[in-house]
Amino acid sequence: MRDWSLAPGDPLCLTLAADSRLSIPDYLNDHIWELVIGGGEPAALALRTTYGLRAKTMRLFLRFSEGKKTVSDPAAFDLPPTVRRFYPNFLIVDYSPLQNIDVSTEYWVPQSNAISGRVTVANKSNATRRIRLEVCSLLTPVDGQGMTSTQMQLVNVLAGQTDGLFPVLFLTGGPAHGSGPHPSLFLDLDLGPGATRQLTWTQAATDTLQASFDLARQSAARPWEAERARLELLNSSQTIDIHTGDKDWDAAFALSQTTGFGLFFPPNTHLPNPSIVSARGPDNGYSPKGDGTDYPASWNGQSSLDAYYLANVLPASQAAQDLLKNFLALQTEDGSIDGKLGLAGQRGRYLATPLLSSLAWELYEKSGDKEFLSGVFPKLLKFFWVWFSPEYDEDRDGLPQWKHILQTGFEDNPLFDAWHEWSLGVNITQVHSPALEAMLYQEAACLIKIAEQLDQNDSLTLLHEQAARLRKSIESTWQPRTGLYHYRDRATRLSLAGKVLVRQKGAGIAETKLKFEGPIRLLIEVQTESPAAKRPQIRIHEYSTKPADEVITSADYQWRNGGAVYTTQKVYSRLAKVSVRGLDEADTVVISTLDFTTEDHTLFMPLWACVPDQQRAQTIIGRALLDASRFHRPYGVPACPSLMKPEAESVSQAVHLPWNLLICEGLLKYGFRTDAARILVHNMTAVIQNLKQNRAFFARYHAEKGTGIGERNALSGLAPVGLFLKVLGVEILSSTRVRLEGENPFPWDVTIQYKGLKVIRGQKKTEVTFANGKSVVVTDTESTIVSL
């Protein structure tokens, strides 16, 4: 295993939790810890948790004393802490708290409600040293009491209580209770020259004091060396070790894989295969209701985009295949697959984003497993055609629409989002999305490949026809002026700019007498400062002498911050008058046309799906993607840079790594490897900046500043290891098969190691060495598979 040397200032992410590959974490009561280097009161190298917000805080740290000198603050250590090994449930940190006293601390989470530490203290001086080692525990409870000194079965321990939990701290070696300012257990260690002493402590927290004590003592007695050997062997077999010319990149890739594995929970009665939460931190992991149905979005299920991105975070693992199998296992008889499947039986209640066939084909390209392919093909085909059922394709033109913003994978899209004052809140079902059509086109393309592999030729004709229809529709949204595809109205097929037509303050009748060049759809916005304001009845007349063509009642609106919004069901060639009833005098109704000039990162999906020809692809890349005034920013491709309002910055300037991944995959398909590398470098700069400054990944990153946005250590913010390998032109198919393509676009040679396989990717040649010592040198840039 690789021996790291990561100190404060290097990329770090030190979360610890039970590893589902080695234990059975408790989804409803999972205690997650973070090792914090410095800070806090007192400043210390401390483990921290809140037990999923069941405590205000719980801290565990060591304090060392010799003579009159006492130290716990790593800033005062003789040698600062250095992280040597890191896994989802295990850390090794070395340091010297006192001169010539070396300490190696191992932290291990054997199960959800226990954490253990092994401390090895070595005297490197020529004199006998008397060192006092204290294990301190500070609990600030929600209700209950902090940690206090007590005895259980004649053993000195620390115990506390918070929100129904009873934490107990146990230390081997017969410790005494400390008399210092913080609750502690201590041992005086007499160390001769070169002598070493090793001790183990355990903290356990269950729903009774006795059960916590029993668990703590049992955990301390587990065979540490055997457990460590087992977890190191497991991680080395599933992790790709990457040596670039930049150690920060190396650490970010390793930390991403570690964090990715830490997101998993084992199968249960609700999901037949392992599944994930999208973020796992000290404040997560406890369900007050006791069934998980009260969990937030990051803990209530897996999405298609999650599964697709995870395949690129953990490219050497079968983890993404497990997520795919969960989707297919819960497919309904009509072919529908729910968009978010949770470990507590949660459901998104919307159709899954159409990325599953694309994921299945990518998994097959790596494994070559036709049995897997034949097992998933009928289900994926059935799911594909659900998107063209009347529920999703109401006008039966073969071009479906999104039904819910959460399906899109971009829930803050200002065109459809209704929660922010600066968003439009357009009804998503009235819009043709190039992203949806591109995803479905790519699904059709992958299903065609699968059918051909399996000789399922009876499916091909309809798939080809549907793909052609989708491609034609996507191409019709192309706008040469912007060099990009655009949204368009479902009925009119137009992509018009927004324009205010009517502004009515208070109730009354607005005689508009407007006539349009063609039919248009209207957006009606009610602006009010009062949360309790009534939603007015509005009548829209194409002709002033005829009855209203559309009547909007209170129940029709979608509530939003600062009022309500409604998208008309009908389209209008003229607007004679608008009648407003039940509106307060201080409130305003604004009627406008839908604005389809908005640009966001999802509009690059046709590039990912290989819809445009080479010339048009170059136009998209040159005029939109790599234009610094639009999407080309220092830390990646932002979500919607055309939205300039300062209050919208956390949305408009947010870099979503899963969408950047799809864009880069599109660039690679068209041969723009250098441009894909440029975007990846921008993404990695943001990731590394946050690992150094905040010791965490973030759900999103600011395109101009690189600062983290959203939840810490979220799946969507992990470094895409698989994308890096694709851009590098190396794809690890197994420990005996490697696909090579193109040239290394990075400024340094890269060494990749996996299960005895070693690939050295130079600038002009690649050397592949297998576990048996056989070596092959490749200089060709054409796609080739090197196998044993």
# chains A, B, ... in the order shown; residues from 1 in each chain; ligands from 1

call {"tool": "residues_around", "arguments": {"residues": "Asn561 (chain A)", "least_positions_apart": "3", "cutoff": "9 Å", "atoms": "only C-alpha atoms", "output": "PyMOL selection string"}}
result
chain A and resi 418-421+531+564

call {"tool": "residues_around", "arguments": {"residues": "Gly756 (chain A)", "least_positions_apart": "6", "cutoff": "10 Å", "atoms": "only C-alpha atoms", "output": "list in words"}}
result
Ser236, Ser237, Ser735, Thr736, Thr769, Phe770, Ala771, Asn772 and Gly773 of chain A

call {"tool": "select_by_dssp", "arguments": {"residues": "region 387-504 of chain A", "states": "strand (DSSP E)", "output": "mmCIF file with N, CA and C atoms, in the first residue's frame"}}
result
data_model
loop_
_atom_site.group_PDB
_atom_site.id
_atom_site.type_symbol
_atom_site.label_atom_id
_atom_site.label_comp_id
_atom_site.auth_asym_id
_atom_site.auth_seq_id
_atom_site.Cartn_x
_atom_site.Cartn_y
_atom_site.Cartn_z
ATOM 1 N N VAL A 431 -42.062 22.548 -22.247
ATOM 2 C CA VAL A 431 -40.799 22.907 -22.899
ATOM 3 C C VAL A 431 -40.120 21.662 -23.458
ATOM 4 N N HIS A 432 -39.607 21.785 -24.668
ATOM 5 C CA HIS A 432 -38.730 20.756 -25.223
ATOM 6 C C HIS A 432 -37.303 21.062 -24.783
ATOM 7 N N TRP A 478 -30.955 24.283 -32.929
ATOM 8 C CA TRP A 478 -29.660 24.930 -33.124
ATOM 9 C C TRP A 478 -29.831 26.392 -33.498
ATOM 10 N N GLN A 479 -29.055 27.251 -32.857
ATOM 11 C CA GLN A 479 -29.070 28.675 -33.189
ATOM 12 C C GLN A 479 -27.667 29.119 -33.586
ATOM 13 N N LEU A 484 -25.103 27.359 -30.177
ATOM 14 C CA LEU A 484 -25.540 26.452 -29.124
ATOM 15 C C LEU A 484 -26.974 25.998 -29.400
ATOM 16 N N TYR A 485 -27.342 24.868 -28.840
ATOM 17 C CA TYR A 485 -28.733 24.412 -28.879
ATOM 18 C C TYR A 485 -29.514 25.141 -27.788
ATOM 19 N N ARG A 488 -37.013 25.140 -26.364
ATOM 20 C CA ARG A 488 -38.054 25.692 -27.229
ATOM 21 C C ARG A 488 -39.428 25.294 -26.693
ATOM 22 N N ASP A 489 -40.414 26.046 -27.090
ATOM 23 C CA ASP A 489 -41.785 25.784 -26.651
ATOM 24 C C ASP A 489 -42.293 24.481 -27.256
ATOM 25 N N VAL A 500 -41.923 41.529 -21.561
ATOM 26 C CA VAL A 500 -43.074 41.865 -20.720
ATOM 27 C C VAL A 500 -44.167 42.461 -21.608
ATOM 28 N N LEU A 501 -45.385 41.907 -21.498
ATOM 29 C CA LEU A 501 -46.516 42.359 -22.300
ATOM 30 C C LEU A 501 -47.500 43.188 -21.490
ATOM 31 N N VAL A 502 -47.720 42.762 -20.242
ATOM 32 C CA VAL A 502 -48.719 43.429 -19.388
ATOM 33 C C VAL A 502 -48.152 43.552 -17.981
ATOM 34 N N ARG A 503 -48.357 44.713 -17.369
ATOM 35 C CA ARG A 503 -48.025 44.898 -15.961
ATOM 36 C C ARG A 503 -49.238 45.553 -15.294
ATOM 37 N N GLN A 504 -49.940 44.796 -14.454
ATOM 38 C CA GLN A 504 -51.193 45.260 -13.849
ATOM 39 C C GLN A 504 -51.032 45.320 -12.338
#

call {"tool": "atom_distance", "arguments": {"atom1": "CA of Gly636 (chain A)", "atom2": "CA of Phe697 (chain A)"}}
result
15.2 Å

call {"tool": "closest_residue", "arguments": {"among": "A:Gly708, A:Gly67, A:Gly180, A:Gly292", "to": "Ala686 (chain A)", "atoms": "only C-alpha atoms"}}
result
A:Gly708

call {"tool": "residues_around", "arguments": {"residues": "region 782-785 of chain A", "least_positions_apart": "5", "cutoff": "7 Å", "atoms": "only C-alpha atoms", "output": "ChimeraX atom specification"}}
result
/A:737-742

call {"tool": "write_last_selection", "arguments": {"atoms": "all heavy atoms", "output": "PDB file, in the first residue's frame"}}
result
ATOM      1  N   ARG A 737      -5.977  -6.415 -18.638  1.00  0.00           N
ATOM      2  CA  ARG A 737      -6.377  -5.789 -19.898  1.00  0.00           C
ATOM      3  C   ARG A 737      -6.421  -4.273 -19.731  1.00  0.00           C
ATOM      4  O   ARG A 737      -7.010  -3.762 -18.772  1.00  0.00           O
ATOM      5  CB  ARG A 737      -7.756  -6.281 -20.363  1.00  0.00           C
ATOM      6  CG  ARG A 737      -7.795  -7.752 -20.740  1.00  0.00           C
ATOM      7  CD  ARG A 737      -9.217  -8.205 -21.056  1.00  0.00           C
ATOM      8  NE  ARG A 737      -9.717  -7.640 -22.300  1.00  0.00           N
ATOM      9  CZ  ARG A 737     -10.786  -6.872 -22.392  1.00  0.00           C
ATOM     10  NH1 ARG A 737     -11.462  -6.528 -21.317  1.00  0.00           N
ATOM     11  NH2 ARG A 737     -11.197  -6.434 -23.566  1.00  0.00           N
ATOM     12  N   VAL A 738      -5.798  -3.562 -20.687  1.00  0.00           N
ATOM     13  CA  VAL A 738      -5.769  -2.108 -20.666  1.00  0.00           C
ATOM     14  C   VAL A 738      -6.070  -1.588 -22.066  1.00  0.00           C
ATOM     15  O   VAL A 738      -5.523  -2.100 -23.048  1.00  0.00           O
ATOM     16  CB  VAL A 738      -4.376  -1.575 -20.235  1.00  0.00           C
ATOM     17  CG1 VAL A 738      -4.402  -0.054 -20.131  1.00  0.00           C
ATOM     18  CG2 VAL A 738      -3.940  -2.188 -18.934  1.00  0.00           C
ATOM     19  N   ARG A 739      -6.927  -0.580 -22.170  1.00  0.00           N
ATOM     20  CA  ARG A 739      -7.163   0.074 -23.447  1.00  0.00           C
ATOM     21  C   ARG A 739      -6.375   1.378 -23.481  1.00  0.00           C
ATOM     22  O   ARG A 739      -6.457   2.190 -22.553  1.00  0.00           O
ATOM     23  CB  ARG A 739      -8.649   0.354 -23.661  1.00  0.00           C
ATOM     24  CG  ARG A 739      -8.924   1.057 -24.992  1.00  0.00           C
ATOM     25  CD  ARG A 739     -10.389   1.422 -25.193  1.00  0.00           C
ATOM     26  NE  ARG A 739     -11.198   0.251 -25.478  1.00  0.00           N
ATOM     27  CZ  ARG A 739     -12.152  -0.220 -24.688  1.00  0.00           C
ATOM     28  NH1 ARG A 739     -12.389   0.375 -23.525  1.00  0.00           N
ATOM     29  NH2 ARG A 739     -12.868  -1.273 -25.020  1.00  0.00           N
ATOM     30  N   LEU A 740      -5.622   1.581 -24.549  1.00  0.00           N
ATOM     31  CA  LEU A 740      -4.834   2.799 -24.742  1.00  0.00           C
ATOM     32  C   LEU A 740      -5.317   3.528 -25.988  1.00  0.00           C
ATOM     33  O   LEU A 740      -5.670   2.891 -26.983  1.00  0.00           O
ATOM     34  CB  LEU A 740      -3.351   2.465 -24.892  1.00  0.00           C
ATOM     35  CG  LEU A 740      -2.694   1.696 -23.737  1.00  0.00           C
ATOM     36  CD1 LEU A 740      -1.259   1.339 -24.090  1.00  0.00           C
ATOM     37  CD2 LEU A 740      -2.741   2.501 -22.449  1.00  0.00           C
ATOM     38  N   GLU A 741      -5.302   4.861 -25.918  1.00  0.00           N
ATOM     39  CA  GLU A 741      -5.788   5.643 -27.061  1.00  0.00           C
ATOM     40  C   GLU A 741      -5.203   7.043 -26.994  1.00  0.00           C
ATOM     41  O   GLU A 741      -5.093   7.637 -25.910  1.00  0.00           O
ATOM     42  CB  GLU A 741      -7.321   5.713 -27.025  1.00  0.00           C
ATOM     43  CG  GLU A 741      -7.946   6.403 -28.219  1.00  0.00           C
ATOM     44  CD  GLU A 741      -9.463   6.376 -28.147  1.00  0.00           C
ATOM     45  OE1 GLU A 741      -9.992   6.716 -27.074  1.00  0.00           O
ATOM     46  OE2 GLU A 741     -10.105   6.012 -29.137  1.00  0.00           O
ATOM     47  N   GLY A 742      -4.814   7.590 -28.147  1.00  0.00           N
ATOM     48  CA  GLY A 742      -4.354   8.967 -28.208  1.00  0.00           C
ATOM     49  C   GLY A 742      -3.019   9.172 -27.512  1.00  0.00           C
ATOM     50  O   GLY A 742      -2.244   8.238 -27.298  1.00  0.00           O
TER      51      GLY A 742
END

call {"tool": "decode", "arguments": {"residues": "region 591-624 of chain A", "atoms": "N, CA and C atoms", "output": "compact mmCIF listing (two decimals), in the first residue's frame"}}
result
# COMPACT_ATOMS: atom_id res chain seq x y z
N ILE A 591 -47.34 39.84 -17.02
CA ILE A 591 -47.53 38.81 -18.05
C ILE A 591 -46.46 39.03 -19.12
N SER A 592 -45.73 37.95 -19.43
CA SER A 592 -44.65 38.06 -20.39
C SER A 592 -44.59 36.82 -21.26
N THR A 593 -43.79 36.89 -22.30
CA THR A 593 -43.53 35.70 -23.11
C THR A 593 -42.43 34.88 -22.42
N LEU A 594 -42.38 33.59 -22.72
CA LEU A 594 -41.35 32.74 -22.14
C LEU A 594 -39.99 33.10 -22.74
N ASP A 595 -38.98 33.14 -21.87
CA ASP A 595 -37.64 33.52 -22.31
C ASP A 595 -36.79 32.28 -22.49
N PHE A 596 -36.52 31.91 -23.75
CA PHE A 596 -35.72 30.74 -24.05
C PHE A 596 -34.29 31.11 -24.47
N THR A 597 -33.88 32.34 -24.18
CA THR A 597 -32.51 32.74 -24.49
C THR A 597 -31.55 32.31 -23.38
N THR A 598 -32.10 31.84 -22.26
CA THR A 598 -31.25 31.41 -21.16
C THR A 598 -30.32 30.28 -21.61
N GLU A 599 -29.08 30.31 -21.11
CA GLU A 599 -28.10 29.29 -21.46
C GLU A 599 -27.61 28.61 -20.19
N ASP A 600 -27.52 27.30 -20.23
CA ASP A 600 -26.98 26.56 -19.08
C ASP A 600 -26.18 25.36 -19.55
N HIS A 601 -25.49 24.72 -18.63
CA HIS A 601 -24.56 23.63 -18.98
C HIS A 601 -25.26 22.41 -19.57
N THR A 602 -26.56 22.23 -19.34
CA THR A 602 -27.25 21.06 -19.91
C THR A 602 -27.37 21.15 -21.42
N LEU A 603 -27.22 22.35 -21.98
CA LEU A 603 -27.38 22.53 -23.42
C LEU A 603 -26.21 21.96 -24.22
N PHE A 604 -25.18 21.49 -23.51
CA PHE A 604 -24.07 20.82 -24.19
C PHE A 604 -24.29 19.31 -24.34
N MET A 605 -25.44 18.82 -23.86
CA MET A 605 -25.67 17.38 -23.93
C MET A 605 -25.71 16.82 -25.36
N PRO A 606 -26.18 17.57 -26.35
CA PRO A 606 -26.07 17.04 -27.72
C PRO A 606 -24.63 16.72 -28.12
N LEU A 607 -23.67 17.49 -27.59
CA LEU A 607 -22.26 17.20 -27.85
C LEU A 607 -21.89 15.85 -27.23
N TRP A 608 -22.33 15.61 -26.00
CA TRP A 608 -22.07 14.34 -25.32
C TRP A 608 -22.69 13.17 -26.09
N ALA A 609 -23.88 13.40 -26.68
CA ALA A 609 -24.60 12.33 -27.38
C ALA A 609 -24.16 12.19 -28.84
N CYS A 610 -23.18 12.98 -29.27
CA CYS A 610 -22.67 12.92 -30.65
C CYS A 610 -23.76 13.25 -31.68
N VAL A 611 -24.57 14.25 -31.38
CA VAL A 611 -25.62 14.67 -32.32
C VAL A 611 -25.05 15.55 -33.43
N PRO A 612 -24.28 16.61 -33.13
CA PRO A 612 -23.83 17.50 -34.21
C PRO A 612 -22.74 16.87 -35.06
N ASP A 613 -22.59 17.36 -36.28
CA ASP A 613 -21.47 16.92 -37.11
C ASP A 613 -20.20 17.61 -36.60
N GLN A 614 -19.06 17.26 -37.18
CA GLN A 614 -17.77 17.75 -36.69
C GLN A 614 -17.68 19.27 -36.75
N GLN A 615 -18.18 19.84 -37.82
CA GLN A 615 -18.10 21.29 -37.97
C GLN A 615 -18.94 22.01 -36.92
N ARG A 616 -20.15 21.52 -36.70
CA ARG A 616 -21.01 22.15 -35.71
C ARG A 616 -20.44 21.94 -34.30
N ALA A 617 -19.85 20.77 -34.05
CA ALA A 617 -19.22 20.52 -32.76
C ALA A 617 -18.10 21.54 -32.50
N GLN A 618 -17.31 21.83 -33.53
CA GLN A 618 -16.25 22.82 -33.39
C GLN A 618 -16.82 24.19 -33.09
N THR A 619 -17.96 24.51 -33.68
CA THR A 619 -18.62 25.79 -33.41
C THR A 619 -19.05 25.88 -31.95
N ILE A 620 -19.68 24.81 -31.44
CA ILE A 620 -20.11 24.78 -30.04
C ILE A 620 -18.92 25.00 -29.12
N ILE A 621 -17.85 24.30 -29.40
CA ILE A 621 -16.67 24.37 -28.53
C ILE A 621 -16.01 25.74 -28.61
N GLY A 622 -15.82 26.23 -29.80
CA GLY A 622 -15.11 27.49 -29.96
C GLY A 622 -15.90 28.71 -29.56
N ARG A 623 -17.19 28.73 -29.89
CA ARG A 623 -17.99 29.95 -29.67
C ARG A 623 -18.73 29.97 -28.35
N ALA A 624 -18.97 28.81 -27.75
CA ALA A 624 -19.72 28.78 -26.50
C ALA A 624 -18.88 28.23 -25.35
